[in-house]
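File shown here: work.cif, holding mmCIF, C-alpha atoms.
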data_target
#
loop_
_atom_site.label_atom_id
_atom_site.label_comp_id
_atom_site.auth_asym_id
_atom_site.auth_seq_id
_atom_site.Cartn_x
_atom_site.Cartn_y
_atom_site.Cartn_z
CA HIS A 1 80.22 77.70 35.21
CA PRO A 2 80.31 74.32 33.44
CA ALA A 3 76.52 73.73 33.40
CA LEU A 4 75.94 77.11 31.78
CA ALA A 5 78.70 76.63 29.23
CA GLU A 6 77.18 73.26 28.27
CA GLY A 7 73.74 74.84 27.81
CA GLN A 8 72.15 73.16 30.82
CA LEU A 9 71.49 76.26 32.92
CA HIS A 10 68.81 78.76 31.91
CA GLY A 11 66.49 81.40 33.30
CA PRO A 12 66.54 82.17 37.03
CA ARG A 13 69.48 79.89 37.79
CA ALA A 14 71.60 81.47 35.04
CA ALA A 15 70.69 84.94 36.33
CA GLU A 16 71.75 83.89 39.85
CA VAL A 17 75.09 82.64 38.53
CA CYS A 18 75.67 85.91 36.67
CA HIS A 19 74.71 87.92 39.75
CA SER A 20 77.10 85.88 41.89
CA TYR A 21 79.90 86.42 39.39
CA GLY A 22 79.20 90.15 39.58
CA GLU A 23 79.24 90.10 43.40
CA LEU A 24 82.52 88.19 43.45
CA GLY A 25 84.13 90.26 40.69
CA TYR A 26 84.66 87.17 38.55
CA ARG A 27 84.48 87.90 34.84
CA HIS A 28 83.58 84.92 32.69
CA ASP A 29 83.01 86.24 29.17
CA THR A 30 81.67 83.00 27.72
CA VAL A 31 79.01 82.62 30.41
CA PHE A 32 77.85 86.21 30.09
CA ARG A 33 77.83 86.06 26.32
CA THR A 34 75.70 82.89 26.40
CA VAL A 35 73.19 84.40 28.84
CA VAL A 36 72.94 87.74 27.01
CA GLU A 37 72.37 86.02 23.68
CA GLU A 38 69.71 83.79 25.23
CA VAL A 39 67.89 86.76 26.80
CA LEU A 40 67.90 88.73 23.56
CA ARG A 41 66.82 85.70 21.52
CA GLU A 42 63.93 85.11 23.94
CA HIS A 43 62.90 88.76 23.64
CA GLU A 44 62.94 88.58 19.83
CA GLU A 45 60.72 85.47 19.90
CA LEU A 46 58.32 87.23 22.26
CA GLN A 47 58.17 90.32 20.03
CA ARG A 48 57.67 88.19 16.89
CA ALA A 49 54.76 86.33 18.53
CA ARG A 50 53.16 89.64 19.55
CA VAL A 51 53.45 91.09 16.05
CA LEU A 52 52.11 87.98 14.35
CA GLY A 53 49.31 87.53 16.88
CA GLU A 54 50.57 84.09 17.87
CA GLU A 55 50.48 82.53 21.32
CA LEU A 56 53.16 84.12 23.50
CA PRO A 57 56.00 81.75 24.40
CA ALA A 58 56.96 81.10 28.01
CA VAL A 59 59.49 83.61 29.32
CA SER A 60 62.54 82.28 31.18
CA TYR A 61 64.01 85.65 32.12
CA SER A 62 61.85 88.16 33.97
CA ALA A 63 62.60 91.84 34.52
CA ALA A 64 64.04 90.90 37.91
CA HIS A 65 66.50 88.51 36.28
CA LEU A 66 67.42 91.10 33.65
CA ALA A 67 68.13 93.63 36.40
CA LEU A 68 70.53 91.24 38.15
CA ILE A 69 72.28 90.33 34.89
CA THR A 70 72.73 93.94 33.78
CA GLN A 71 73.98 94.91 37.24
CA ALA A 72 76.60 92.14 37.04
CA LEU A 73 77.64 93.34 33.58
CA LEU A 74 77.98 96.88 34.92
CA ARG A 75 80.02 95.79 37.96
CA LEU A 76 82.37 93.75 35.79
CA LYS A 77 82.75 96.60 33.28
CA MET A 78 81.26 94.47 30.52
CA TYR A 79 78.87 97.19 29.42
CA ARG A 80 81.08 99.03 26.98
CA GLY A 81 83.26 98.29 24.05
CA ASN A 82 82.78 96.02 21.11
CA THR A 83 85.10 93.31 19.90
CA THR A 84 85.01 90.98 16.93
CA TRP A 85 84.07 88.19 19.35
CA PHE A 86 81.10 89.99 20.96
CA LYS A 87 79.60 93.46 20.86
CA TRP A 88 79.37 94.14 24.62
CA GLY A 89 78.32 97.79 24.38
CA ASP A 90 75.59 97.16 21.81
CA ARG A 91 74.17 94.14 23.61
CA TYR A 92 74.20 95.95 26.97
CA ARG A 93 72.12 98.76 25.47
CA ASP A 94 69.76 96.15 24.01
CA LEU A 95 69.40 94.57 27.46
CA LEU A 96 68.57 97.97 28.97
CA ASP A 97 65.89 98.46 26.31
CA VAL A 98 64.36 95.08 27.14
CA LEU A 99 64.56 95.79 30.88
CA THR A 100 62.81 99.14 30.47
CA ARG A 101 59.98 97.56 28.46
CA ARG A 102 59.52 94.70 30.89
CA LEU A 103 59.48 96.95 33.97
CA ASP A 104 56.19 98.48 32.81
CA VAL A 105 54.46 95.14 33.26
CA GLU A 106 56.52 93.28 35.87
CA LEU A 107 57.26 96.05 38.38
CA PRO A 108 54.65 94.88 40.96
CA THR A 109 56.41 91.50 41.28
CA MET A 110 59.95 92.79 41.85
CA SER A 111 61.79 92.50 45.15
CA ALA A 112 63.79 95.31 46.73
CA GLN A 113 67.08 93.79 45.57
CA THR A 114 66.05 93.55 41.93
CA LEU A 115 64.34 96.94 42.06
CA ALA A 116 67.56 98.49 43.37
CA ALA A 117 69.57 96.74 40.64
CA ALA A 118 67.19 98.01 37.93
CA SER A 119 67.25 101.53 39.33
CA PHE A 120 71.03 101.57 39.46
CA VAL A 121 71.69 100.25 35.95
CA LEU A 122 69.07 102.52 34.40
CA GLY A 123 70.41 105.46 36.39
CA ARG A 124 73.98 104.84 35.31
CA ALA A 125 72.80 104.83 31.70
CA ARG A 126 70.70 107.99 32.30
CA ARG A 127 67.58 106.15 31.19
CA GLY A 128 64.04 106.09 32.41
CA SER A 129 61.05 108.36 32.22
CA VAL A 130 59.23 110.31 34.90
CA VAL A 131 56.44 107.72 34.87
CA LEU A 132 58.91 104.86 35.30
CA TYR A 133 60.87 106.33 38.20
CA LYS A 134 57.66 107.33 39.98
CA ALA A 135 56.36 103.78 39.65
CA MET A 136 59.66 102.34 40.88
CA TYR A 137 59.66 104.72 43.85
CA ALA A 138 56.07 103.76 44.71
CA ARG A 139 57.00 100.06 44.58
CA MET A 140 59.96 100.58 46.93
CA MET A 141 57.75 102.52 49.37
CA GLU A 142 55.29 99.62 49.28
CA LEU A 143 58.10 97.18 50.08
CA LEU A 144 59.38 99.36 52.92
CA GLU A 145 55.88 99.58 54.37
CA ARG A 146 55.77 95.78 54.59
CA SER A 147 59.40 95.46 55.73
CA ALA A 148 58.60 94.25 59.26
CA ASP A 149 57.87 90.70 58.07
CA ALA A 150 60.29 90.60 55.11
CA VAL A 151 62.87 87.82 54.81
CA ASP A 152 65.21 90.06 52.80
CA PRO A 153 64.82 93.52 54.40
CA PRO A 154 64.26 96.15 51.69
CA GLN A 155 66.22 98.76 53.64
CA ASP A 156 69.38 96.79 52.82
CA HIS A 157 68.93 97.86 49.20
CA LEU A 158 67.54 101.36 49.78
CA ALA A 159 70.82 103.24 49.30
CA THR A 160 71.52 101.59 45.93
CA PHE A 161 67.93 102.18 44.86
CA LEU A 162 67.96 105.89 45.75
CA HIS A 163 71.39 106.39 44.16
CA GLY A 164 70.14 104.89 40.91
CA LEU A 165 66.84 106.76 41.11
CA ALA A 166 68.67 110.09 41.45
CA MET A 167 70.57 109.39 38.23
CA MET A 168 67.53 108.19 36.28
CA GLY A 169 65.41 110.08 33.84
CA PRO A 170 65.60 113.35 32.08
CA ASP A 171 66.52 115.40 35.18
CA ARG A 172 68.55 114.61 38.30
CA GLN A 173 66.23 116.57 40.57
CA LYS A 174 63.12 114.60 41.39
CA LYS A 175 60.90 117.40 42.66
CA ASP A 176 57.74 115.50 41.76
CA LEU A 177 58.31 112.63 44.24
CA GLU A 178 56.49 112.58 47.56
CA VAL A 179 59.31 111.98 50.03
CA GLU A 180 57.56 112.83 53.29
CA TRP A 181 56.52 109.23 53.97
CA LEU A 182 60.07 108.00 53.30
CA LEU A 183 61.56 110.60 55.64
CA GLN A 184 59.16 109.60 58.41
CA TRP A 185 59.92 105.92 57.81
CA LEU A 186 63.66 106.63 58.03
CA CYS A 187 63.23 108.48 61.32
CA ASN A 188 61.08 105.71 62.79
CA ASN A 189 63.39 102.92 61.61
CA VAL A 190 66.80 104.46 62.06
CA TYR A 191 68.02 101.46 64.10
CA THR A 192 67.22 98.93 61.36
CA PHE A 193 70.12 100.09 59.21
#

As a first step, turn the structure in this file into structure tokens.
Amino acid sequence: HPALAEGQLHGPRAAEVCHSYGELGYRHDTVFRTVVEEVLREHEELQRARVLGEELPAVSYSAAHLALITQALLRLKMYRGNTTWFKWGDRYRDLLDVLTRRLDVELPTMSAQTLAAASFVLGRARRGSVVLYKAMYARMMELLERSADAVDPPQDHLATFLHGLAMMGPDRQKKDLEVEWLLQWLCNNVYTF
């Protein structure tokens, strides 16, 4: 994307471009490299300000944006391997670390689409704690509960979310999740799928 390559596209718009590239299967290494470097640089500045007790800088990339970017990297198989030009595998792991840290704070603001993307990328990497996947599950149940008036129906992203959730954390079996409400919701809303 020319605007991104020229440094004119940042934050949410850059995340949307990356997500679209992932959806279309279009791999543009320069664009992804630019966005990944910008995200990691922003995270370093945020961490430095926290450590030094300075005023926190404005954040361009939220956890929702990180989820979409990492999902695009995963779809395009840009999550492994290192070259002399760019260390894709290392930077992808760094992005997952940043995403995991940001989810603790920004989870209540995430949509079903970004929640499903975060669940899937963390699940594929076998990351996430019991506390994190319980919080993500609770957020998705909250979104499903309010799905009647949603512009983007959360049930469209439920399969991806549950697939990722099953792969997350220390154990594949999630015996500690309360699934009764979800099962009832599925039975009552079977025609919305």

Residues picked by the PyMOL selection byres ((chain A and resi 157) around 10) here, as an mmCIF file with C-alpha atoms, in the coordinates of the input?
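Dumped to result-v3.cif:
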data_model
loop_
_atom_site.group_PDB
_atom_site.id
_atom_site.type_symbol
_atom_site.label_atom_id
_atom_site.label_comp_id
_atom_site.auth_asym_id
_atom_site.auth_seq_id
_atom_site.Cartn_x
_atom_site.Cartn_y
_atom_site.Cartn_z
ATOM 1 C CA SER A 111 61.790 92.500 45.150
ATOM 2 C CA ALA A 112 63.790 95.310 46.730
ATOM 3 C CA GLN A 113 67.080 93.790 45.570
ATOM 4 C CA THR A 114 66.050 93.550 41.930
ATOM 5 C CA LEU A 115 64.340 96.940 42.060
ATOM 6 C CA ALA A 116 67.560 98.490 43.370
ATOM 7 C CA ALA A 117 69.570 96.740 40.640
ATOM 8 C CA MET A 140 59.960 100.580 46.930
ATOM 9 C CA ASP A 152 65.210 90.060 52.800
ATOM 10 C CA PRO A 153 64.820 93.520 54.400
ATOM 11 C CA PRO A 154 64.260 96.150 51.690
ATOM 12 C CA GLN A 155 66.220 98.760 53.640
ATOM 13 C CA ASP A 156 69.380 96.790 52.820
ATOM 14 C CA LEU A 158 67.540 101.360 49.780
ATOM 15 C CA ALA A 159 70.820 103.240 49.300
ATOM 16 C CA THR A 160 71.520 101.590 45.930
ATOM 17 C CA PHE A 161 67.930 102.180 44.860
ATOM 18 C CA LEU A 162 67.960 105.890 45.750
#

Check which residues satisfy the PyMOL selection byres ((chain A and resi 141) around 12) in the file shown, then give them as a PyMOL selection string.
chain A and resi 108+111-112+115+134-140+142-147+154-155+158+161-162+177-186

Counting only C-alpha atoms, give me one row per residue of range 54-81 of chain A with an atom at most 6 Å from an atom of range 13-25 of chain A, showing the shortest contact pair and its distance in Å to one decimal, sorted by chain then residue number, as JSON lines.
{"residue": "A:His65", "atom": "CA", "partner": "A:Ala15", "partner_atom": "CA", "distance": 5.5}
{"residue": "A:Leu68", "atom": "CA", "partner": "A:His19", "partner_atom": "CA", "distance": 5.6}
{"residue": "A:Ile69", "atom": "CA", "partner": "A:Ala15", "partner_atom": "CA", "distance": 5.8}
{"residue": "A:Ala72", "atom": "CA", "partner": "A:Gly22", "partner_atom": "CA", "distance": 4.1}
{"residue": "A:Arg75", "atom": "CA", "partner": "A:Gly22", "partner_atom": "CA", "distance": 5.9}

Produce a file of the selected residues containing C-alpha atoms, as a PDB file, in the coordinates of the input.
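Result went into part20.pdb, see below:
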ATOM      1  CA  HIS A  65      66.500  88.510  36.280  1.00  0.00           C
ATOM      2  CA  LEU A  68      70.530  91.240  38.150  1.00  0.00           C
ATOM      3  CA  ILE A  69      72.280  90.330  34.890  1.00  0.00           C
ATOM      4  CA  ALA A  72      76.600  92.140  37.040  1.00  0.00           C
ATOM      5  CA  ARG A  75      80.020  95.790  37.960  1.00  0.00           C
TER       6      ARG A  75
END

Figure out the distance between CA of Asn82 in chain A and CA of Phe120 in chain A, please, to one decimal in Å.
22.5 Å

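Between CA of Leu122 in chain A and CA of Met168 in chain A the separation is 6.2 Å.
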
So which residues touch Arg127 in chain A within 9 Å, counting all atoms listed in the file, skipping near sequence neighbours fewer than 2 positions away, as a PyMOL selection string?
chain A and resi 96+100+121-125+129+167-170

Residues as selected, C-alpha atoms, written as a PDB file, in the frame of the given file, can you do that?
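For reference, again_23.pdb as written:
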ATOM      1  CA  LEU A  96      68.570  97.970  28.970  1.00  0.00           C
ATOM      2  CA  THR A 100      62.810  99.140  30.470  1.00  0.00           C
ATOM      3  CA  VAL A 121      71.690 100.250  35.950  1.00  0.00           C
ATOM      4  CA  LEU A 122      69.070 102.520  34.400  1.00  0.00           C
ATOM      5  CA  GLY A 123      70.410 105.460  36.390  1.00  0.00           C
ATOM      6  CA  ARG A 124      73.980 104.840  35.310  1.00  0.00           C
ATOM      7  CA  ALA A 125      72.800 104.830  31.700  1.00  0.00           C
ATOM      8  CA  SER A 129      61.050 108.360  32.220  1.00  0.00           C
ATOM      9  CA  MET A 167      70.570 109.390  38.230  1.00  0.00           C
ATOM     10  CA  MET A 168      67.530 108.190  36.280  1.00  0.00           C
ATOM     11  CA  GLY A 169      65.410 110.080  33.840  1.00  0.00           C
ATOM     12  CA  PRO A 170      65.600 113.350  32.080  1.00  0.00           C
TER      13      PRO A 170
END

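Across the structure, CA of Arg93 in chain A and CA of Gln71 in chain A are spaced 12.5 Å apart.
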
Residue contacts of Asp171 in chain A (10 Å, all atoms listed in the file) excluding same-chain residues fewer than 5 positions away, as a compact mmCIF listing (two decimals) with C-alpha atoms, in the frame of the given file:
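Generated output (out09.txt):
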# COMPACT_ATOMS: atom_id res chain seq x y z
CA ARG A 126 70.70 107.99 32.30
CA SER A 129 61.05 108.36 32.22
CA VAL A 130 59.23 110.31 34.90
CA ALA A 166 68.67 110.09 41.45

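Closest approach to Leu132 in chain A from the set A:Ala150, A:Leu103, A:Ala64, A:Ala118 is made by A:Leu103, with distances taken over only C-alpha atoms.
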
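With distances restricted to only C-alpha atoms, A:Phe86 is the closest residue to Thr34 in chain A from A:Gly81, A:Phe86, A:Leu46, A:Glu55.
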
Take the PyMOL selection byres ((chain A and resi 62) around 10), apply it to the structure above, and return the hits as a PyMOL selection string.
chain A and resi 11-12+15+39+59-61+63-67+99+102-103+106+109-110
